[in-house]
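Here's the structure we're looking at; comments come further down.
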Amino acid sequence: MRIIPISLPTPFYIGPVNVYLIAEDPVTLIDTGPKTREANDALHEGFRKARIRVSDIRRIVLTHAHEDHCGLARSVRDEAKDAEVLVHAWETGHRIGRLEYEGHRSLLVRAGVPREEIETMRKMYEGVRQYADSFEEDEYSQLRDEEELEFETGTLRILHTPGHTPGSCSFVREADRTVIAGDCVLKRITPNPVLSPDPIDPAKRFRSLAEYLVSLARLRSFAPTLVHGGHGEPVRDFEELFNRYFRAIRDRQTQVIRLLPKTGATAWEIAREMFPGADDVHRFLAVSEAVAHLDLAHAEGKIAVELGDGKEVYKRIGGNGVRGEQGNRGKGNG
Ligand SMILES: [Zn+2]
Ligand SMILES: [Zn+2]
């Protein structure tokens with residue numbers, strides 16, 4: 001099975017995005033790049049080099065619905081005539097703007113983000129949305145965990161690997177333990193668990209970091225030899241990256257707990273402490289990151305959370321930032 005990476009420019013801070021062409025029947029494109037003329041030209045150049053005509057493409061598979069990955073899905077589908085678009089059902093970003101979504105707004109309010117700041121984030125995302133078309137419910141097929149995408153010379157197993165987004169998927173070729181992982185695995189940066197409503201219960205927040213840790217462990221169980229990520233070079237030493245991610249996540253959690261003042265703080269306040277220089281989209285990513293780490297620390301019984309004035313205020317347990325005697329009592333093996 002030939003997996004051909006194609007690098008496409010994006011207008012985003014993250015830089016170029018990798019999409020993957022599987023040049024055998026049924027010809028399949030995994031991710032598409034953003035909806036810009038530059039990305040479209042680079043994509044067509046990639047097809048030409050691989051000696052594939054757009055009309056040969058039968059399937060467009062999306063690792064997740066961020067604009068840099070899914071933006072050209074509609075235009076490639078239309079150009080290919082009858083290609084099928086596949087995405088996980090939990091990936092709602094391709095249908096509804098993430099911040100227009102009322103549930104999303106309420107998550108930001110609960111995280112303590114000031115109203116005017118939410119308004120700025122909303123405007124910014126309207127700007128970002130121009131880089132992707134949306135899809136109606138009946139215009140795509142669902143990627144289902146553990147099902148297989150069949151090809152002439154082999155299969156790719158679909159793994160639902162939530163974390164970066166609720167519906168993120170990875171694809172494993174078990175014959176040589178090659179993985180296409182979208183933004184679940186990136187060589188140079190720890191992927192950001194983006195603040196999202198829970199797809200099952202949108203009134204709740206998706207437990208992105210806890211889910212992400214499970215997804216990483218699941219990928220690890222395949223002992224990958226080569227992981228193609230959504231950005232940057234492929235990862236050949238997944239074990240090293242796995243350990244590095246875990247250390248980074250633990251270090252960040254320690255930092256987040258230390259930053260909590262005695263009186264408690266909202267995720268927004270912690271985000272501003274952690275990333276004082278963050279502007280634009282980075283403020284949203286900063287608050288996403290703070291919420292993710294605070295949620296995980298809370299789930300692990302390391303900090304407490306109280307709802308006051310519509311906002312969640314995180315507090316230390318035991319008053320000194322370290323889990324105290326009281327925090328430990330009755331918790332079994334902690
Ligand atoms: Zn992404
Ligand atoms: Zn990305």
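Just so we're on the same page: first chain in the structure tokens is A, next is B, and so on; residues restart at 1 for each chain, and ligands are numbered from 1 in the order they show up.
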With a cut-off of 12 Å, could you pull out the residues of chain A touching ligand 1 and give me the nearest pair of atoms for each, distance in Å to one decimal, using only C-alpha atoms and all ligand atoms, ordered by chain and ascending number, as a tab-separated table?
residue	atom	partner	partner_atom_place_in_ligand_line	distance
A:Phe12	CA	ligand 1	1 (Zn)	11.1
A:Ile14	CA	ligand 1	1 (Zn)	9.7
A:Gly15	CA	ligand 1	1 (Zn)	12.0
A:Val17	CA	ligand 1	1 (Zn)	9.7
A:Asn18	CA	ligand 1	1 (Zn)	11.4
A:Asp31	CA	ligand 1	1 (Zn)	10.9
A:Gly33	CA	ligand 1	1 (Zn)	11.1
A:Pro34	CA	ligand 1	1 (Zn)	11.5
A:Leu62	CA	ligand 1	1 (Zn)	10.8
A:Thr63	CA	ligand 1	1 (Zn)	8.7
A:His64	CA	ligand 1	1 (Zn)	6.7
A:Ala65	CA	ligand 1	1 (Zn)	7.3
A:His66	CA	ligand 1	1 (Zn)	5.0
A:Glu67	CA	ligand 1	1 (Zn)	7.8
A:Asp68	CA	ligand 1	1 (Zn)	7.2
A:His69	CA	ligand 1	1 (Zn)	7.1
A:Cys70	CA	ligand 1	1 (Zn)	9.6
A:Gly71	CA	ligand 1	1 (Zn)	11.7
A:Glu91	CA	ligand 1	1 (Zn)	11.2
A:Gly93	CA	ligand 1	1 (Zn)	10.7
A:Pro162	CA	ligand 1	1 (Zn)	11.3
A:Gly163	CA	ligand 1	1 (Zn)	10.2
A:His164	CA	ligand 1	1 (Zn)	6.6
A:Thr165	CA	ligand 1	1 (Zn)	7.2
A:Pro166	CA	ligand 1	1 (Zn)	10.8
A:Gly167	CA	ligand 1	1 (Zn)	10.7
A:Ser168	CA	ligand 1	1 (Zn)	8.5
A:Cys169	CA	ligand 1	1 (Zn)	11.1
A:Ala181	CA	ligand 1	1 (Zn)	10.8
A:Gly182	CA	ligand 1	1 (Zn)	7.4
A:Asp183	CA	ligand 1	1 (Zn)	5.2
A:Cys184	CA	ligand 1	1 (Zn)	8.2
A:Val185	CA	ligand 1	1 (Zn)	10.5
A:Leu186	CA	ligand 1	1 (Zn)	10.4
A:Thr190	CA	ligand 1	1 (Zn)	11.7
A:Pro191	CA	ligand 1	1 (Zn)	8.1
A:Asn192	CA	ligand 1	1 (Zn)	8.2
A:Pro193	CA	ligand 1	1 (Zn)	9.1
A:Val194	CA	ligand 1	1 (Zn)	8.4
A:Leu195	CA	ligand 1	1 (Zn)	11.8
A:Gly229	CA	ligand 1	1 (Zn)	10.5
A:Gly230	CA	ligand 1	1 (Zn)	7.8
A:His231	CA	ligand 1	1 (Zn)	9.4
A:Leu285	CA	ligand 1	1 (Zn)	11.2
For Glu79 (chain A): contacts at 9 Å, only C-alpha atoms, fewer than 4 positions along chain excluded, given as a PyMOL selection string:
chain A and resi 54-55+74-75+83
Closest contacts (region 22-114 of chain A/region 307-316 of chain A, max 7 Å, only C-alpha atoms) as JSON lines:
{"residue": "A:Val109", "atom": "CA", "partner": "A:Lys311", "partner_atom": "CA", "distance": 6.5}
{"residue": "A:Arg110", "atom": "CA", "partner": "A:Lys311", "partner_atom": "CA", "distance": 4.2}
{"residue": "A:Ala111", "atom": "CA", "partner": "A:Glu312", "partner_atom": "CA", "distance": 6.0}
{"residue": "A:Gly112", "atom": "CA", "partner": "A:Lys311", "partner_atom": "CA", "distance": 5.4}
Pick out the residues sitting within 8 Å of region 174-176 of chain A, and hand them over as a PDB file with N, CA, C and O atoms, in the first residue's frame; count only C-alpha atoms, and ignore anything fewer than 3 positions along from it in its own chain.
ATOM      1  N   LEU A 156      -6.803  -0.438   6.213  1.00  0.00           N
ATOM      2  CA  LEU A 156      -6.455   0.491   7.287  1.00  0.00           C
ATOM      3  C   LEU A 156      -7.537   0.329   8.341  1.00  0.00           C
ATOM      4  O   LEU A 156      -8.732   0.441   8.034  1.00  0.00           O
ATOM      5  N   ARG A 157      -7.121   0.065   9.567  1.00  0.00           N
ATOM      6  CA  ARG A 157      -8.099  -0.053  10.637  1.00  0.00           C
ATOM      7  C   ARG A 157      -8.400   1.341  11.206  1.00  0.00           C
ATOM      8  O   ARG A 157      -7.493   2.128  11.472  1.00  0.00           O
ATOM      9  N   PHE A 222      -0.322  -0.702  19.616  1.00  0.00           N
ATOM     10  CA  PHE A 222      -0.011  -1.237  18.287  1.00  0.00           C
ATOM     11  C   PHE A 222       1.496  -1.216  18.004  1.00  0.00           C
ATOM     12  O   PHE A 222       1.931  -1.637  16.944  1.00  0.00           O
ATOM     13  N   THR A 225       5.593   1.665  14.192  1.00  0.00           N
ATOM     14  CA  THR A 225       6.962   1.839  13.706  1.00  0.00           C
ATOM     15  C   THR A 225       7.097   3.181  12.984  1.00  0.00           C
ATOM     16  O   THR A 225       8.184   3.712  12.866  1.00  0.00           O
TER      17      THR A 225
END
Counting only C-alpha atoms, figure out which residue out of A:Arg105, A:His160, A:Arg53, A:Arg220 gets nearest to Val87 (chain A).
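The answer is A:His160, which sits nearest to Val87 (chain A).
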Distance criterion (only C-alpha atoms and all ligand atoms): nearest to ligand 2 out of A:Ile189, A:Leu149, A:Phe47, A:Glu84
A:Ile189
Kindly indicate which residue among A:Leu107, A:Val113, A:Ser134, A:Ile60 lies nearest to Lys35 (chain A), using only C-alpha atoms for the distances.
A:Ser134
Which neighbours of Arg283 (chain A) fall inside 9 Å, counting only C-alpha atoms, when residues of the same chain fewer than 4 positions from it are skipped, and could you give them as a list of chain:residue names?
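Skipping anything fewer than 4 positions along the chain leaves A:Met121, A:Trp268, A:Ala271, A:Arg272, A:Phe275, A:Gly277, A:Ala278, A:Asp279, A:Val287, A:Ser288.
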Mind dumping the selected residues with N, CA, C and O atoms as an mmCIF file, in the first residue's frame?
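What ended up in result38.cif:
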data_model
loop_
_atom_site.group_PDB
_atom_site.id
_atom_site.type_symbol
_atom_site.label_atom_id
_atom_site.label_comp_id
_atom_site.auth_asym_id
_atom_site.auth_seq_id
_atom_site.Cartn_x
_atom_site.Cartn_y
_atom_site.Cartn_z
ATOM 1 N N MET A 121 -13.315 36.186 20.510
ATOM 2 C CA MET A 121 -13.039 34.827 20.053
ATOM 3 C C MET A 121 -14.023 34.422 18.956
ATOM 4 O O MET A 121 -13.653 33.776 17.985
ATOM 5 N N TRP A 268 -9.751 30.626 33.041
ATOM 6 C CA TRP A 268 -9.297 31.807 32.307
ATOM 7 C C TRP A 268 -8.141 32.485 33.032
ATOM 8 O O TRP A 268 -7.125 32.846 32.426
ATOM 9 N N ALA A 271 -5.096 30.448 32.663
ATOM 10 C CA ALA A 271 -4.580 30.557 31.288
ATOM 11 C C ALA A 271 -3.780 31.851 31.118
ATOM 12 O O ALA A 271 -2.723 31.861 30.486
ATOM 13 N N ARG A 272 -4.272 32.947 31.685
ATOM 14 C CA ARG A 272 -3.577 34.230 31.565
ATOM 15 C C ARG A 272 -2.245 34.202 32.309
ATOM 16 O O ARG A 272 -1.290 34.845 31.910
ATOM 17 N N PHE A 275 0.103 31.728 30.083
ATOM 18 C CA PHE A 275 0.491 32.274 28.771
ATOM 19 C C PHE A 275 0.169 33.770 28.746
ATOM 20 O O PHE A 275 -0.753 34.191 28.043
ATOM 21 N N GLY A 277 1.480 36.274 27.344
ATOM 22 C CA GLY A 277 1.617 36.970 26.060
ATOM 23 C C GLY A 277 0.643 36.506 24.998
ATOM 24 O O GLY A 277 0.662 37.019 23.882
ATOM 25 N N ALA A 278 -0.208 35.521 25.331
ATOM 26 C CA ALA A 278 -1.072 34.927 24.294
ATOM 27 C C ALA A 278 -2.044 35.956 23.732
ATOM 28 O O ALA A 278 -2.677 36.698 24.475
ATOM 29 N N ASP A 279 -2.135 36.002 22.408
ATOM 30 C CA ASP A 279 -3.139 36.879 21.804
ATOM 31 C C ASP A 279 -3.942 36.074 20.787
ATOM 32 O O ASP A 279 -3.662 34.904 20.539
ATOM 33 N N VAL A 287 -6.898 28.900 27.036
ATOM 34 C CA VAL A 287 -7.975 28.568 27.973
ATOM 35 C C VAL A 287 -8.350 27.087 27.802
ATOM 36 O O VAL A 287 -8.631 26.383 28.778
ATOM 37 N N SER A 288 -8.286 26.580 26.570
ATOM 38 C CA SER A 288 -8.518 25.148 26.326
ATOM 39 C C SER A 288 -7.533 24.308 27.138
ATOM 40 O O SER A 288 -7.894 23.324 27.778
#
Helix (DSSP H, G or I) call set, DSSP backbone run, region 132-239 of chain A, as a list in words:
Glu137, Asp138, Glu139, Ser208, Leu209, Ala210, Glu211, Tyr212, Leu213, Val214, Ser215, Leu216, Ala217, Arg218, Leu219, Arg220, Phe238 and Glu239 of chain A
Go ahead and dump the residues you just picked, all heavy atoms, as a short mmCIF file (atom, residue, chain, number, x, y, z; two decimals), in the first residue's frame.
data_model
loop_
_atom_site.label_atom_id
_atom_site.label_comp_id
_atom_site.auth_asym_id
_atom_site.auth_seq_id
_atom_site.Cartn_x
_atom_site.Cartn_y
_atom_site.Cartn_z
N GLU A 137 -25.87 16.79 7.36
CA GLU A 137 -25.89 15.46 7.97
C GLU A 137 -25.84 14.32 6.93
O GLU A 137 -25.17 13.32 7.13
CB GLU A 137 -27.19 15.34 8.79
CG GLU A 137 -27.15 14.33 9.90
CD GLU A 137 -26.39 14.83 11.12
OE1 GLU A 137 -26.66 15.95 11.60
OE2 GLU A 137 -25.52 14.07 11.57
N ASP A 138 -26.54 14.51 5.79
CA ASP A 138 -26.65 13.41 4.83
C ASP A 138 -25.53 13.43 3.78
O ASP A 138 -25.56 12.70 2.80
CB ASP A 138 -28.02 13.45 4.14
CG ASP A 138 -28.26 14.77 3.42
OD1 ASP A 138 -27.41 15.68 3.56
OD2 ASP A 138 -29.28 14.89 2.72
N GLU A 139 -24.54 14.30 3.98
CA GLU A 139 -23.49 14.41 2.96
C GLU A 139 -22.21 13.67 3.32
O GLU A 139 -21.24 13.74 2.58
CB GLU A 139 -23.14 15.89 2.75
CG GLU A 139 -24.18 16.65 1.97
CD GLU A 139 -23.71 18.06 1.70
OE1 GLU A 139 -23.49 18.81 2.67
OE2 GLU A 139 -23.54 18.40 0.53
N SER A 208 -11.32 16.23 27.49
CA SER A 208 -10.39 16.04 26.39
C SER A 208 -9.06 15.41 26.78
O SER A 208 -8.57 14.52 26.09
CB SER A 208 -10.14 17.39 25.72
OG SER A 208 -9.70 18.32 26.67
N LEU A 209 -8.49 15.84 27.90
CA LEU A 209 -7.15 15.35 28.23
C LEU A 209 -7.20 13.90 28.72
O LEU A 209 -6.35 13.08 28.34
CB LEU A 209 -6.50 16.27 29.26
CG LEU A 209 -5.00 16.13 29.46
CD1 LEU A 209 -4.24 16.16 28.14
CD2 LEU A 209 -4.49 17.23 30.39
N ALA A 210 -8.20 13.58 29.53
CA ALA A 210 -8.34 12.19 30.00
C ALA A 210 -8.56 11.26 28.80
O ALA A 210 -7.95 10.19 28.70
CB ALA A 210 -9.51 12.09 30.97
N GLU A 211 -9.38 11.69 27.85
CA GLU A 211 -9.62 10.90 26.64
C GLU A 211 -8.34 10.78 25.82
O GLU A 211 -8.05 9.74 25.24
CB GLU A 211 -10.71 11.55 25.77
CG GLU A 211 -12.09 11.55 26.39
CD GLU A 211 -12.81 10.23 26.22
OE1 GLU A 211 -12.29 9.34 25.52
OE2 GLU A 211 -13.90 10.09 26.80
N TYR A 212 -7.61 11.88 25.77
CA TYR A 212 -6.38 11.90 24.97
C TYR A 212 -5.36 10.89 25.51
O TYR A 212 -4.70 10.19 24.74
CB TYR A 212 -5.81 13.32 24.95
CG TYR A 212 -4.59 13.43 24.09
CD1 TYR A 212 -4.64 13.09 22.74
CD2 TYR A 212 -3.38 13.87 24.60
CE1 TYR A 212 -3.52 13.17 21.94
CE2 TYR A 212 -2.26 13.97 23.80
CZ TYR A 212 -2.33 13.61 22.47
OH TYR A 212 -1.22 13.68 21.68
N LEU A 213 -5.23 10.82 26.83
CA LEU A 213 -4.28 9.88 27.43
C LEU A 213 -4.66 8.44 27.06
O LEU A 213 -3.79 7.62 26.76
CB LEU A 213 -4.24 10.06 28.96
CG LEU A 213 -3.66 11.41 29.43
CD1 LEU A 213 -3.77 11.54 30.94
CD2 LEU A 213 -2.22 11.57 28.97
N VAL A 214 -5.95 8.15 27.05
CA VAL A 214 -6.41 6.81 26.67
C VAL A 214 -6.08 6.55 25.19
O VAL A 214 -5.60 5.47 24.83
CB VAL A 214 -7.93 6.66 26.93
CG1 VAL A 214 -8.44 5.33 26.38
CG2 VAL A 214 -8.24 6.79 28.42
N SER A 215 -6.32 7.56 24.35
CA SER A 215 -6.04 7.40 22.91
C SER A 215 -4.55 7.13 22.66
O SER A 215 -4.20 6.28 21.84
CB SER A 215 -6.45 8.66 22.14
OG SER A 215 -7.85 8.83 22.22
N LEU A 216 -3.70 7.87 23.37
CA LEU A 216 -2.25 7.66 23.19
C LEU A 216 -1.85 6.24 23.59
O LEU A 216 -1.07 5.58 22.91
CB LEU A 216 -1.46 8.64 24.05
CG LEU A 216 -1.29 10.06 23.53
CD1 LEU A 216 -0.45 10.86 24.52
CD2 LEU A 216 -0.64 10.08 22.15
N ALA A 217 -2.42 5.78 24.72
CA ALA A 217 -2.10 4.43 25.20
C ALA A 217 -2.61 3.39 24.20
O ALA A 217 -1.96 2.36 23.96
CB ALA A 217 -2.72 4.21 26.57
N ARG A 218 -3.75 3.69 23.60
CA ARG A 218 -4.30 2.75 22.63
C ARG A 218 -3.41 2.67 21.39
O ARG A 218 -3.14 1.58 20.88
CB ARG A 218 -5.72 3.21 22.27
CG ARG A 218 -6.47 2.17 21.54
CD ARG A 218 -7.95 2.35 21.64
NE ARG A 218 -8.56 1.43 20.71
CZ ARG A 218 -9.52 1.75 19.85
NH1 ARG A 218 -10.01 2.97 19.84
NH2 ARG A 218 -10.01 0.85 19.05
N LEU A 219 -2.95 3.81 20.91
CA LEU A 219 -2.03 3.80 19.77
C LEU A 219 -0.75 3.05 20.12
O LEU A 219 -0.21 2.30 19.32
CB LEU A 219 -1.67 5.23 19.36
CG LEU A 219 -2.71 6.00 18.56
CD1 LEU A 219 -2.19 7.39 18.23
CD2 LEU A 219 -3.07 5.27 17.26
N ARG A 220 -0.29 3.26 21.35
CA ARG A 220 0.94 2.61 21.79
C ARG A 220 0.82 1.09 21.74
O ARG A 220 1.79 0.38 21.46
CB ARG A 220 1.24 3.06 23.21
CG ARG A 220 2.57 2.60 23.72
CD ARG A 220 2.58 2.80 25.22
NE ARG A 220 3.92 2.73 25.77
CZ ARG A 220 4.13 2.61 27.07
NH1 ARG A 220 3.12 2.59 27.91
NH2 ARG A 220 5.36 2.54 27.51
N PHE A 238 7.85 6.19 18.43
CA PHE A 238 6.61 6.56 19.13
C PHE A 238 6.78 6.45 20.64
O PHE A 238 6.23 7.25 21.40
CB PHE A 238 5.44 5.69 18.65
CG PHE A 238 4.13 6.06 19.29
CD1 PHE A 238 3.42 7.18 18.87
CD2 PHE A 238 3.62 5.32 20.35
CE1 PHE A 238 2.22 7.54 19.46
CE2 PHE A 238 2.41 5.67 20.95
CZ PHE A 238 1.72 6.78 20.51
N GLU A 239 7.54 5.45 21.07
CA GLU A 239 7.74 5.22 22.50
C GLU A 239 8.37 6.46 23.17
O GLU A 239 7.94 6.89 24.23
CB GLU A 239 8.63 3.99 22.69
CG GLU A 239 8.61 3.39 24.08
CD GLU A 239 7.24 2.89 24.52
OE1 GLU A 239 6.37 2.62 23.67
OE2 GLU A 239 7.03 2.79 25.75
#
One number please: CA of Phe151 (chain A) to CA of Ile22 (chain A), in Å, one decimal.
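Straight-line distance from CA of Phe151 (chain A) to CA of Ile22 (chain A) works out to 8.8 Å.
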Please provide as number ranges by chain all residues within 8 Å of Arg252 (chain A), with the sequence filter that same-chain residues fewer than 4 positions apart are discarded (counting only C-alpha atoms).
A: 248, 256, 293
Using only C-alpha atoms, which of A:Pro197, A:Ile270, A:Leu226, A:Glu300 sits nearest Ala286 (chain A)?
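For Ala286 (chain A), the nearest of the given residues is A:Ile270.
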Under the rule that only C-alpha atoms are counted, which of A:His228, A:Asp82, A:Leu159, A:Met124 is the nearest residue to Ser7 (chain A)?
A:His228
Measuring atom to atom with only C-alpha atoms and all ligand atoms, identify which of A:Pro202, A:Gly232, A:Gln253, A:Ala73 is nearest to ligand 2.
A:Gly232
